[in-house]
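Q: For reference, the file start12.txt (compact mmCIF, N, CA and C atoms) is included below:
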# COMPACT_ATOMS: atom_id res chain seq x y z
N MET A 473 -2.27 56.32 -24.47
CA MET A 473 -2.54 55.31 -25.45
C MET A 473 -3.31 54.16 -24.83
N LEU A 474 -4.18 53.79 -25.63
CA LEU A 474 -4.99 52.68 -25.18
C LEU A 474 -4.39 51.38 -25.68
N GLU A 475 -4.27 50.51 -24.81
CA GLU A 475 -3.78 49.20 -25.24
C GLU A 475 -4.97 48.34 -25.62
N GLN A 476 -4.87 47.86 -26.81
CA GLN A 476 -5.93 46.97 -27.25
C GLN A 476 -5.49 45.54 -27.04
N GLN A 477 -6.34 44.81 -26.53
CA GLN A 477 -6.05 43.40 -26.31
C GLN A 477 -6.62 42.62 -27.49
N ILE A 478 -5.74 41.88 -28.11
CA ILE A 478 -6.15 41.11 -29.28
C ILE A 478 -6.38 39.68 -28.84
N ASP A 479 -7.52 39.17 -29.18
CA ASP A 479 -7.82 37.76 -28.87
C ASP A 479 -7.35 36.89 -30.02
N TRP A 480 -6.31 36.15 -29.75
CA TRP A 480 -5.85 35.19 -30.75
C TRP A 480 -6.58 33.88 -30.49
N PRO A 481 -7.02 33.27 -31.52
CA PRO A 481 -7.70 31.99 -31.28
C PRO A 481 -6.71 30.98 -30.70
N THR A 482 -7.10 30.34 -29.67
CA THR A 482 -6.22 29.37 -29.03
C THR A 482 -6.34 28.00 -29.68
N ARG A 483 -7.43 27.77 -30.41
CA ARG A 483 -7.63 26.50 -31.08
C ARG A 483 -7.85 26.76 -32.56
N PRO A 484 -7.27 25.90 -33.42
CA PRO A 484 -7.59 26.04 -34.83
C PRO A 484 -9.03 25.64 -35.05
N LYS A 485 -9.54 26.00 -36.16
CA LYS A 485 -10.92 25.65 -36.46
C LYS A 485 -11.06 24.14 -36.49
N THR A 486 -12.07 23.65 -35.87
CA THR A 486 -12.24 22.20 -35.76
C THR A 486 -12.53 21.55 -37.09
N SER A 487 -13.24 22.21 -37.97
CA SER A 487 -13.54 21.59 -39.27
C SER A 487 -12.28 21.45 -40.12
N ALA A 488 -11.38 22.43 -40.06
CA ALA A 488 -10.12 22.34 -40.80
C ALA A 488 -9.24 21.24 -40.24
N MET A 489 -9.25 21.10 -38.93
CA MET A 489 -8.45 20.06 -38.29
C MET A 489 -8.99 18.67 -38.62
N ILE A 490 -10.27 18.51 -38.61
CA ILE A 490 -10.88 17.22 -38.94
C ILE A 490 -10.58 16.86 -40.39
N MET A 491 -10.64 17.84 -41.28
CA MET A 491 -10.35 17.59 -42.70
C MET A 491 -8.90 17.16 -42.89
N LYS A 492 -7.98 17.78 -42.19
CA LYS A 492 -6.55 17.43 -42.29
C LYS A 492 -6.32 16.01 -41.80
N ILE A 493 -6.92 15.64 -40.69
CA ILE A 493 -6.79 14.28 -40.14
C ILE A 493 -7.40 13.27 -41.10
N PHE A 494 -8.53 13.62 -41.70
CA PHE A 494 -9.18 12.74 -42.67
C PHE A 494 -8.28 12.51 -43.89
N GLN A 495 -7.64 13.56 -44.38
CA GLN A 495 -6.75 13.43 -45.54
C GLN A 495 -5.55 12.54 -45.22
N ILE A 496 -4.96 12.74 -44.07
CA ILE A 496 -3.80 11.93 -43.68
C ILE A 496 -4.22 10.47 -43.50
N THR A 497 -5.36 10.24 -42.87
CA THR A 497 -5.85 8.88 -42.68
C THR A 497 -6.13 8.20 -44.02
N LEU A 498 -6.71 8.95 -44.94
CA LEU A 498 -7.01 8.40 -46.26
C LEU A 498 -5.74 8.01 -47.02
N VAL A 499 -4.72 8.84 -46.97
CA VAL A 499 -3.45 8.54 -47.64
C VAL A 499 -2.80 7.29 -47.03
N VAL A 500 -2.78 7.21 -45.71
CA VAL A 500 -2.19 6.05 -45.04
C VAL A 500 -2.97 4.78 -45.38
N LEU A 501 -4.28 4.87 -45.41
CA LEU A 501 -5.11 3.72 -45.74
C LEU A 501 -4.88 3.24 -47.17
N VAL A 502 -4.77 4.17 -48.11
CA VAL A 502 -4.51 3.80 -49.50
C VAL A 502 -3.13 3.14 -49.63
N LEU A 503 -2.13 3.66 -48.94
CA LEU A 503 -0.79 3.05 -48.99
C LEU A 503 -0.80 1.64 -48.42
N LEU A 504 -1.48 1.44 -47.30
CA LEU A 504 -1.53 0.11 -46.69
C LEU A 504 -2.26 -0.89 -47.59
N ILE A 505 -3.35 -0.46 -48.19
CA ILE A 505 -4.08 -1.35 -49.11
C ILE A 505 -3.22 -1.68 -50.32
N ASN A 506 -2.52 -0.69 -50.83
CA ASN A 506 -1.64 -0.92 -51.98
C ASN A 506 -0.54 -1.93 -51.64
N LEU A 507 0.07 -1.80 -50.48
CA LEU A 507 1.11 -2.74 -50.07
C LEU A 507 0.54 -4.14 -49.86
N ALA A 508 -0.65 -4.22 -49.31
CA ALA A 508 -1.25 -5.53 -49.06
C ALA A 508 -1.56 -6.26 -50.38
N ILE A 509 -1.91 -5.51 -51.41
CA ILE A 509 -2.24 -6.12 -52.70
C ILE A 509 -0.98 -6.37 -53.52
N ALA A 510 -0.07 -5.41 -53.55
CA ALA A 510 1.09 -5.49 -54.43
C ALA A 510 2.20 -6.38 -53.87
N PHE A 511 2.39 -6.42 -52.57
CA PHE A 511 3.52 -7.15 -52.00
C PHE A 511 3.51 -8.64 -52.34
N PRO A 512 2.39 -9.36 -52.22
CA PRO A 512 2.42 -10.78 -52.58
C PRO A 512 2.75 -11.02 -54.05
N SER A 513 2.42 -10.09 -54.92
CA SER A 513 2.72 -10.29 -56.33
C SER A 513 4.21 -10.12 -56.62
N TRP A 514 4.94 -9.40 -55.76
CA TRP A 514 6.39 -9.24 -55.95
C TRP A 514 7.13 -10.52 -55.62
N ALA A 515 6.66 -11.21 -54.62
CA ALA A 515 7.36 -12.39 -54.12
C ALA A 515 7.16 -13.57 -55.07
N GLU A 516 8.26 -14.25 -55.34
CA GLU A 516 8.17 -15.48 -56.12
C GLU A 516 8.61 -16.60 -55.19
N SER A 517 7.78 -17.57 -55.04
CA SER A 517 8.08 -18.61 -54.06
C SER A 517 9.28 -19.43 -54.49
N THR A 518 10.02 -19.93 -53.53
CA THR A 518 11.22 -20.71 -53.84
C THR A 518 10.87 -22.03 -54.50
N SER A 519 9.69 -22.56 -54.22
CA SER A 519 9.33 -23.83 -54.84
C SER A 519 9.15 -23.66 -56.35
N SER A 520 8.61 -22.53 -56.79
CA SER A 520 8.47 -22.32 -58.23
C SER A 520 9.82 -22.06 -58.86
N LEU A 521 10.75 -21.46 -58.11
CA LEU A 521 12.08 -21.21 -58.66
C LEU A 521 12.85 -22.52 -58.82
N THR A 522 12.81 -23.38 -57.82
CA THR A 522 13.58 -24.61 -57.89
C THR A 522 12.96 -25.60 -58.86
N SER A 523 11.68 -25.47 -59.15
CA SER A 523 11.08 -26.35 -60.15
C SER A 523 11.43 -25.91 -61.56
N ASN A 524 11.89 -24.67 -61.72
CA ASN A 524 12.32 -24.16 -63.01
C ASN A 524 13.66 -24.81 -63.36
N PRO A 525 13.78 -25.47 -64.52
CA PRO A 525 15.04 -26.16 -64.84
C PRO A 525 16.19 -25.20 -65.07
N ASN A 526 15.94 -23.94 -65.36
CA ASN A 526 17.02 -22.98 -65.61
C ASN A 526 17.39 -22.20 -64.37
N TYR A 527 16.87 -22.58 -63.21
CA TYR A 527 17.21 -21.91 -61.97
C TYR A 527 18.30 -22.70 -61.26
N PHE A 528 19.40 -22.02 -60.96
CA PHE A 528 20.51 -22.66 -60.25
C PHE A 528 20.93 -21.76 -59.10
N GLU A 529 21.38 -22.38 -58.01
CA GLU A 529 21.86 -21.62 -56.87
C GLU A 529 23.25 -22.11 -56.49
N VAL A 530 24.00 -21.25 -55.82
CA VAL A 530 25.38 -21.55 -55.43
C VAL A 530 25.40 -22.77 -54.53
N GLY A 531 26.30 -23.70 -54.82
CA GLY A 531 26.44 -24.93 -54.04
C GLY A 531 25.62 -26.09 -54.58
N GLN A 532 24.79 -25.84 -55.56
CA GLN A 532 23.94 -26.89 -56.12
C GLN A 532 24.77 -27.84 -56.98
N LYS A 533 24.51 -29.13 -56.85
CA LYS A 533 25.17 -30.15 -57.67
C LYS A 533 24.45 -30.23 -59.02
N VAL A 534 25.22 -30.20 -60.09
CA VAL A 534 24.66 -30.24 -61.44
C VAL A 534 25.44 -31.21 -62.31
N ILE A 535 24.88 -31.51 -63.47
CA ILE A 535 25.56 -32.30 -64.49
C ILE A 535 25.79 -31.39 -65.69
N TRP A 536 27.05 -31.26 -66.08
CA TRP A 536 27.41 -30.44 -67.23
C TRP A 536 27.38 -31.32 -68.47
N LEU A 537 26.58 -30.95 -69.45
CA LEU A 537 26.50 -31.68 -70.72
C LEU A 537 27.55 -31.08 -71.65
N TYR A 538 28.76 -31.66 -71.59
CA TYR A 538 29.93 -31.12 -72.28
C TYR A 538 30.12 -31.77 -73.64
N LYS A 539 30.33 -30.93 -74.66
CA LYS A 539 30.67 -31.41 -76.00
C LYS A 539 32.11 -31.01 -76.27
N PRO A 540 33.00 -31.97 -76.56
CA PRO A 540 34.40 -31.63 -76.80
C PRO A 540 34.57 -30.68 -77.99
N ARG A 541 33.74 -30.87 -79.01
CA ARG A 541 33.78 -29.99 -80.19
C ARG A 541 32.35 -29.62 -80.56
N ALA A 542 32.20 -28.48 -81.17
CA ALA A 542 30.86 -28.01 -81.52
C ALA A 542 30.19 -28.93 -82.54
N ASP A 543 30.98 -29.50 -83.46
CA ASP A 543 30.40 -30.36 -84.50
C ASP A 543 30.26 -31.82 -84.05
N SER A 544 30.65 -32.10 -82.82
CA SER A 544 30.60 -33.47 -82.31
C SER A 544 29.20 -33.82 -81.82
N SER A 545 28.80 -35.07 -82.01
CA SER A 545 27.52 -35.53 -81.48
C SER A 545 27.71 -36.19 -80.11
N ASP A 546 28.96 -36.41 -79.71
CA ASP A 546 29.28 -37.02 -78.43
C ASP A 546 29.10 -36.00 -77.30
N VAL A 547 28.26 -36.32 -76.33
CA VAL A 547 28.03 -35.45 -75.17
C VAL A 547 28.49 -36.17 -73.92
N GLN A 548 29.41 -35.54 -73.19
CA GLN A 548 29.90 -36.11 -71.94
C GLN A 548 29.13 -35.50 -70.77
N ARG A 549 28.75 -36.32 -69.83
CA ARG A 549 28.02 -35.87 -68.64
C ARG A 549 29.01 -35.75 -67.49
N ILE A 550 29.34 -34.52 -67.12
CA ILE A 550 30.38 -34.27 -66.12
C ILE A 550 29.74 -33.68 -64.87
N PRO A 551 29.93 -34.33 -63.70
CA PRO A 551 29.39 -33.77 -62.45
C PRO A 551 30.13 -32.49 -62.07
N ALA A 552 29.39 -31.51 -61.57
CA ALA A 552 29.97 -30.22 -61.21
C ALA A 552 29.16 -29.60 -60.08
N GLU A 553 29.64 -28.45 -59.62
CA GLU A 553 28.97 -27.71 -58.55
C GLU A 553 28.90 -26.25 -58.96
N VAL A 554 27.76 -25.61 -58.73
CA VAL A 554 27.57 -24.20 -59.09
C VAL A 554 28.36 -23.33 -58.12
N VAL A 555 29.16 -22.39 -58.70
CA VAL A 555 29.97 -21.48 -57.91
C VAL A 555 29.38 -20.07 -57.93
N LYS A 556 29.01 -19.58 -59.12
CA LYS A 556 28.42 -18.25 -59.28
C LYS A 556 27.32 -18.33 -60.31
N VAL A 557 26.37 -17.39 -60.19
CA VAL A 557 25.28 -17.33 -61.15
C VAL A 557 25.17 -15.90 -61.65
N SER A 558 25.19 -15.73 -62.97
CA SER A 558 24.96 -14.42 -63.56
C SER A 558 23.67 -14.47 -64.37
N SER A 559 23.33 -13.39 -65.01
CA SER A 559 22.07 -13.36 -65.74
C SER A 559 22.09 -14.24 -66.98
N LYS A 560 23.28 -14.48 -67.57
CA LYS A 560 23.34 -15.26 -68.80
C LYS A 560 24.15 -16.55 -68.69
N GLN A 561 25.03 -16.64 -67.70
CA GLN A 561 25.87 -17.82 -67.57
C GLN A 561 25.96 -18.26 -66.11
N VAL A 562 26.43 -19.50 -65.94
CA VAL A 562 26.62 -20.07 -64.61
C VAL A 562 28.07 -20.52 -64.51
N GLN A 563 28.74 -20.15 -63.43
CA GLN A 563 30.11 -20.64 -63.22
C GLN A 563 30.04 -21.91 -62.39
N ILE A 564 30.69 -22.96 -62.91
CA ILE A 564 30.69 -24.25 -62.22
C ILE A 564 32.10 -24.64 -61.84
N LYS A 565 32.19 -25.50 -60.83
CA LYS A 565 33.47 -26.06 -60.39
C LYS A 565 33.48 -27.52 -60.84
N VAL A 566 34.46 -27.86 -61.69
CA VAL A 566 34.60 -29.23 -62.20
C VAL A 566 35.84 -29.84 -61.57
N TYR A 567 35.69 -31.01 -60.97
CA TYR A 567 36.82 -31.68 -60.33
C TYR A 567 37.61 -32.48 -61.36
N LYS A 568 38.94 -32.40 -61.25
CA LYS A 568 39.82 -33.17 -62.12
C LYS A 568 40.19 -34.49 -61.43
N HIS A 569 40.94 -35.30 -62.13
CA HIS A 569 41.33 -36.62 -61.59
C HIS A 569 42.32 -36.51 -60.42
N ASN A 570 43.12 -35.45 -60.38
CA ASN A 570 44.15 -35.33 -59.34
C ASN A 570 43.66 -34.49 -58.15
N ASN A 571 42.36 -34.54 -57.85
CA ASN A 571 41.73 -33.84 -56.73
C ASN A 571 41.86 -32.32 -56.80
N GLU A 572 42.11 -31.80 -58.00
CA GLU A 572 42.08 -30.36 -58.21
C GLU A 572 40.77 -30.03 -58.91
N PHE A 573 40.50 -28.75 -59.03
CA PHE A 573 39.27 -28.37 -59.72
C PHE A 573 39.53 -27.19 -60.65
N VAL A 574 38.61 -27.01 -61.61
CA VAL A 574 38.68 -25.93 -62.57
C VAL A 574 37.31 -25.26 -62.60
N ASN A 575 37.30 -23.93 -62.64
CA ASN A 575 36.04 -23.19 -62.77
C ASN A 575 35.80 -22.87 -64.24
N ARG A 576 34.57 -23.08 -64.69
CA ARG A 576 34.19 -22.80 -66.07
C ARG A 576 32.87 -22.05 -66.09
N TRP A 577 32.77 -21.04 -66.98
CA TRP A 577 31.50 -20.36 -67.23
C TRP A 577 30.79 -21.12 -68.34
N VAL A 578 29.56 -21.54 -68.09
CA VAL A 578 28.81 -22.31 -69.08
C VAL A 578 27.40 -21.74 -69.24
N ASN A 579 26.80 -22.08 -70.35
CA ASN A 579 25.42 -21.70 -70.62
C ASN A 579 24.50 -22.55 -69.74
N PRO A 580 23.50 -21.96 -69.09
CA PRO A 580 22.62 -22.75 -68.23
C PRO A 580 21.88 -23.85 -68.98
N ASN A 581 21.72 -23.72 -70.28
CA ASN A 581 21.06 -24.76 -71.07
C ASN A 581 21.91 -26.03 -71.16
N LYS A 582 23.20 -25.92 -70.84
CA LYS A 582 24.10 -27.07 -70.88
C LYS A 582 24.21 -27.75 -69.52
N LEU A 583 23.34 -27.38 -68.58
CA LEU A 583 23.38 -27.95 -67.23
C LEU A 583 22.08 -28.67 -66.93
N GLU A 584 22.19 -29.73 -66.15
CA GLU A 584 21.03 -30.45 -65.62
C GLU A 584 21.15 -30.48 -64.12
N ASN A 585 20.03 -30.44 -63.44
CA ASN A 585 20.00 -30.59 -62.01
C ASN A 585 20.34 -32.04 -61.68
N SER A 586 21.32 -32.27 -60.84
CA SER A 586 21.74 -33.66 -60.56
C SER A 586 20.67 -34.44 -59.80
N GLN A 587 19.80 -33.77 -59.01
CA GLN A 587 18.72 -34.48 -58.31
C GLN A 587 17.69 -34.98 -59.30
N LYS A 588 17.45 -34.20 -60.36
CA LYS A 588 16.50 -34.63 -61.38
C LYS A 588 17.02 -35.90 -62.05
N VAL A 589 18.33 -35.97 -62.27
CA VAL A 589 18.93 -37.15 -62.89
C VAL A 589 18.82 -38.34 -61.94
N LYS A 590 19.07 -38.13 -60.64
CA LYS A 590 18.99 -39.23 -59.65
C LYS A 590 17.56 -39.74 -59.55
N ASN A 591 16.58 -38.83 -59.50
CA ASN A 591 15.19 -39.25 -59.34
C ASN A 591 14.65 -39.95 -60.57
N SER A 592 15.11 -39.59 -61.76
CA SER A 592 14.60 -40.22 -62.96
C SER A 592 15.16 -41.62 -63.15
N GLY A 593 16.26 -41.94 -62.47
CA GLY A 593 16.88 -43.26 -62.62
C GLY A 593 16.15 -44.34 -61.85
N PHE A 594 15.30 -44.01 -60.90
CA PHE A 594 14.64 -45.02 -60.08
C PHE A 594 13.19 -45.13 -60.39
Could you take the file, read its structure, and then write that structure out as structure tokens?
A:
Amino acid sequence: MLEQQIDWPTRPKTSAMIMKIFQITLVVLVLLINLAIAFPSWAESTSSLTSNPNYFEVGQKVIWLYKPRADSSDVQRIPAEVVKVSSKQVQIKVYKHNNEFVNRWVNPNKLENSQKVKNSGF
């Protein structure tokens, strides 16, 4: 029997290899460009958030515009501190006269930023 020696190519075809590298480079380049363009649009700066009157963060001092009754025109301005923030309500900590406090869930429209109140007074 004759043994035939088979020559297996030791290198892949160079044109196929160049095309594969080109495709991978193109995909990576498109992803990087997409991230460079899209990423800044995702971020919302903190200065625009804090300038929004309906934006509250935990620990922030606020003024609660409290009405004892719904039909009352009397509005009491009660100092409070933000404890939790949800999508529709804000939980505040209100201090009582005997150095205790009570947590209340309130509508964000019933709150004012206490710094805004301080700055408008001067």
Q: Using only N, CA and C atoms, give me every residue within 7 Å of (26.2, -32.9, -69.0) in file coordinates, as a VMD selection string.
A: chain A and resid 534 to 538 547 to 551 582 to 584
Q: Generate a file of the selected residues that holds N, CA and C atoms, formatted as a PDB file, in the frame of the given file.
A:
ATOM      1  N   VAL A 534      25.220 -30.200 -60.090  1.00  0.00           N
ATOM      2  CA  VAL A 534      24.660 -30.240 -61.440  1.00  0.00           C
ATOM      3  C   VAL A 534      25.440 -31.210 -62.310  1.00  0.00           C
ATOM      4  N   ILE A 535      24.880 -31.510 -63.470  1.00  0.00           N
ATOM      5  CA  ILE A 535      25.560 -32.300 -64.490  1.00  0.00           C
ATOM      6  C   ILE A 535      25.790 -31.390 -65.690  1.00  0.00           C
ATOM      7  N   TRP A 536      27.050 -31.260 -66.080  1.00  0.00           N
ATOM      8  CA  TRP A 536      27.410 -30.440 -67.230  1.00  0.00           C
ATOM      9  C   TRP A 536      27.380 -31.320 -68.470  1.00  0.00           C
ATOM     10  N   LEU A 537      26.580 -30.950 -69.450  1.00  0.00           N
ATOM     11  CA  LEU A 537      26.500 -31.680 -70.720  1.00  0.00           C
ATOM     12  C   LEU A 537      27.550 -31.080 -71.650  1.00  0.00           C
ATOM     13  N   TYR A 538      28.760 -31.660 -71.590  1.00  0.00           N
ATOM     14  CA  TYR A 538      29.930 -31.120 -72.280  1.00  0.00           C
ATOM     15  C   TYR A 538      30.120 -31.770 -73.640  1.00  0.00           C
ATOM     16  N   VAL A 547      28.260 -36.320 -76.330  1.00  0.00           N
ATOM     17  CA  VAL A 547      28.030 -35.450 -75.170  1.00  0.00           C
ATOM     18  C   VAL A 547      28.490 -36.170 -73.920  1.00  0.00           C
ATOM     19  N   GLN A 548      29.410 -35.540 -73.190  1.00  0.00           N
ATOM     20  CA  GLN A 548      29.900 -36.110 -71.940  1.00  0.00           C
ATOM     21  C   GLN A 548      29.130 -35.500 -70.770  1.00  0.00           C
ATOM     22  N   ARG A 549      28.750 -36.320 -69.830  1.00  0.00           N
ATOM     23  CA  ARG A 549      28.020 -35.870 -68.640  1.00  0.00           C
ATOM     24  C   ARG A 549      29.010 -35.750 -67.490  1.00  0.00           C
ATOM     25  N   ILE A 550      29.340 -34.520 -67.120  1.00  0.00           N
ATOM     26  CA  ILE A 550      30.380 -34.270 -66.120  1.00  0.00           C
ATOM     27  C   ILE A 550      29.740 -33.680 -64.870  1.00  0.00           C
ATOM     28  N   PRO A 551      29.930 -34.330 -63.700  1.00  0.00           N
ATOM     29  CA  PRO A 551      29.390 -33.770 -62.450  1.00  0.00           C
ATOM     30  C   PRO A 551      30.130 -32.490 -62.070  1.00  0.00           C
ATOM     31  N   LYS A 582      23.200 -25.920 -70.840  1.00  0.00           N
ATOM     32  CA  LYS A 582      24.100 -27.070 -70.880  1.00  0.00           C
ATOM     33  C   LYS A 582      24.210 -27.750 -69.520  1.00  0.00           C
ATOM     34  N   LEU A 583      23.340 -27.380 -68.580  1.00  0.00           N
ATOM     35  CA  LEU A 583      23.380 -27.950 -67.230  1.00  0.00           C
ATOM     36  C   LEU A 583      22.080 -28.670 -66.930  1.00  0.00           C
ATOM     37  N   GLU A 584      22.190 -29.730 -66.150  1.00  0.00           N
ATOM     38  CA  GLU A 584      21.030 -30.450 -65.620  1.00  0.00           C
ATOM     39  C   GLU A 584      21.150 -30.480 -64.120  1.00  0.00           C
TER      40      GLU A 584
END
Q: With a distance cut-off of 6.5 Å and all atoms listed in the file, select the neighbouring residues of A:Gln563, excluding the residue or stretch itself and same-chain residues fewer than 5 positions from it, and output the selection as a PDB file with N, CA and C atoms, in the coordinates of the input.
A:
ATOM      1  N   GLU A 553      29.640 -28.450 -59.620  1.00  0.00           N
ATOM      2  CA  GLU A 553      28.970 -27.710 -58.550  1.00  0.00           C
ATOM      3  C   GLU A 553      28.900 -26.250 -58.960  1.00  0.00           C
ATOM      4  N   VAL A 554      27.760 -25.610 -58.730  1.00  0.00           N
ATOM      5  CA  VAL A 554      27.570 -24.200 -59.090  1.00  0.00           C
ATOM      6  C   VAL A 554      28.360 -23.330 -58.120  1.00  0.00           C
ATOM      7  N   VAL A 555      29.160 -22.390 -58.700  1.00  0.00           N
ATOM      8  CA  VAL A 555      29.970 -21.480 -57.910  1.00  0.00           C
ATOM      9  C   VAL A 555      29.380 -20.070 -57.930  1.00  0.00           C
ATOM     10  N   LYS A 556      29.010 -19.580 -59.120  1.00  0.00           N
ATOM     11  CA  LYS A 556      28.420 -18.250 -59.280  1.00  0.00           C
ATOM     12  C   LYS A 556      27.320 -18.330 -60.310  1.00  0.00           C
ATOM     13  N   VAL A 557      26.370 -17.390 -60.190  1.00  0.00           N
ATOM     14  CA  VAL A 557      25.280 -17.330 -61.150  1.00  0.00           C
ATOM     15  C   VAL A 557      25.170 -15.900 -61.650  1.00  0.00           C
ATOM     16  N   SER A 558      25.190 -15.730 -62.970  1.00  0.00           N
ATOM     17  CA  SER A 558      24.960 -14.420 -63.560  1.00  0.00           C
ATOM     18  C   SER A 558      23.670 -14.470 -64.370  1.00  0.00           C
ATOM     19  N   ASN A 575      37.300 -23.930 -62.640  1.00  0.00           N
ATOM     20  CA  ASN A 575      36.040 -23.190 -62.770  1.00  0.00           C
ATOM     21  C   ASN A 575      35.800 -22.870 -64.240  1.00  0.00           C
ATOM     22  N   ARG A 576      34.570 -23.080 -64.690  1.00  0.00           N
ATOM     23  CA  ARG A 576      34.190 -22.800 -66.070  1.00  0.00           C
ATOM     24  C   ARG A 576      32.870 -22.050 -66.090  1.00  0.00           C
ATOM     25  N   TRP A 577      32.770 -21.040 -66.980  1.00  0.00           N
ATOM     26  CA  TRP A 577      31.500 -20.360 -67.230  1.00  0.00           C
ATOM     27  C   TRP A 577      30.790 -21.120 -68.340  1.00  0.00           C
ATOM     28  N   VAL A 578      29.560 -21.540 -68.090  1.00  0.00           N
ATOM     29  CA  VAL A 578      28.810 -22.310 -69.080  1.00  0.00           C
ATOM     30  C   VAL A 578      27.400 -21.740 -69.240  1.00  0.00           C
TER      31      VAL A 578
END
Q: Rounded to one decimal in Å, what is the spacing between atom CA of A:Asn579 and atom N of A:Val562?
A: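 Computed distance, atom CA of A:Asn579 to atom N of A:Val562, equals 5.3 Å.
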Q: Kindly give the distance, in Å, that separates atom C of A:Asn571 and atom N of A:Pro540, rounded to a single decimal.
A: 21.7 Å
Q: Hey, which of A:Pro580, A:Gln532, A:Lys492, A:Ile509 ends up closest to A:Gln561? Count only C-alpha atoms.
A: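 The closest residue to A:Gln561 is A:Pro580.
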Q: What separation in Å, quoted to one decimal, exists between atom CA of A:Asn585 and atom C of A:Glu529?
A: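 It comes out at 10.6 Å.
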Q: For stretch 544-549 of chain A, supply all heavy atoms and format the output as a tab-separated table (two decimals), in the coordinates of the input.
A:
chain	number	residue	atom	x	y	z
A	544	SER	N	30.65	-32.10	-82.82
A	544	SER	CA	30.60	-33.47	-82.31
A	544	SER	C	29.20	-33.82	-81.82
A	544	SER	O	28.48	-32.98	-81.27
A	544	SER	CB	31.59	-33.62	-81.15
A	544	SER	OG	31.45	-34.86	-80.54
A	545	SER	N	28.80	-35.07	-82.01
A	545	SER	CA	27.52	-35.53	-81.48
A	545	SER	C	27.71	-36.19	-80.11
A	545	SER	O	26.74	-36.50	-79.43
A	545	SER	CB	26.86	-36.51	-82.44
A	545	SER	OG	27.69	-37.65	-82.59
A	546	ASP	N	28.96	-36.41	-79.71
A	546	ASP	CA	29.28	-37.02	-78.43
A	546	ASP	C	29.10	-36.00	-77.30
A	546	ASP	O	29.70	-34.94	-77.31
A	546	ASP	CB	30.72	-37.53	-78.46
A	546	ASP	CG	31.12	-38.21	-77.16
A	546	ASP	OD1	30.25	-38.84	-76.54
A	546	ASP	OD2	32.30	-38.09	-76.77
A	547	VAL	N	28.26	-36.32	-76.33
A	547	VAL	CA	28.03	-35.45	-75.17
A	547	VAL	C	28.49	-36.17	-73.92
A	547	VAL	O	28.07	-37.28	-73.64
A	547	VAL	CB	26.53	-35.08	-75.04
A	547	VAL	CG1	26.31	-34.25	-73.79
A	547	VAL	CG2	26.05	-34.35	-76.26
A	548	GLN	N	29.41	-35.54	-73.19
A	548	GLN	CA	29.90	-36.11	-71.94
A	548	GLN	C	29.13	-35.50	-70.77
A	548	GLN	O	28.90	-34.30	-70.74
A	548	GLN	CB	31.39	-35.83	-71.78
A	548	GLN	CG	32.23	-36.44	-72.88
A	548	GLN	CD	33.69	-36.06	-72.74
A	548	GLN	OE1	34.11	-35.50	-71.74
A	548	GLN	NE2	34.46	-36.36	-73.77
A	549	ARG	N	28.75	-36.32	-69.83
A	549	ARG	CA	28.02	-35.87	-68.64
A	549	ARG	C	29.01	-35.75	-67.49
A	549	ARG	O	29.44	-36.76	-66.94
A	549	ARG	CB	26.89	-36.84	-68.33
A	549	ARG	CG	25.89	-36.95	-69.48
A	549	ARG	CD	24.91	-38.08	-69.27
A	549	ARG	NE	24.10	-37.91	-68.08
A	549	ARG	CZ	22.99	-37.16	-68.02
A	549	ARG	NH1	22.57	-36.56	-69.10
A	549	ARG	NH2	22.32	-37.06	-66.91
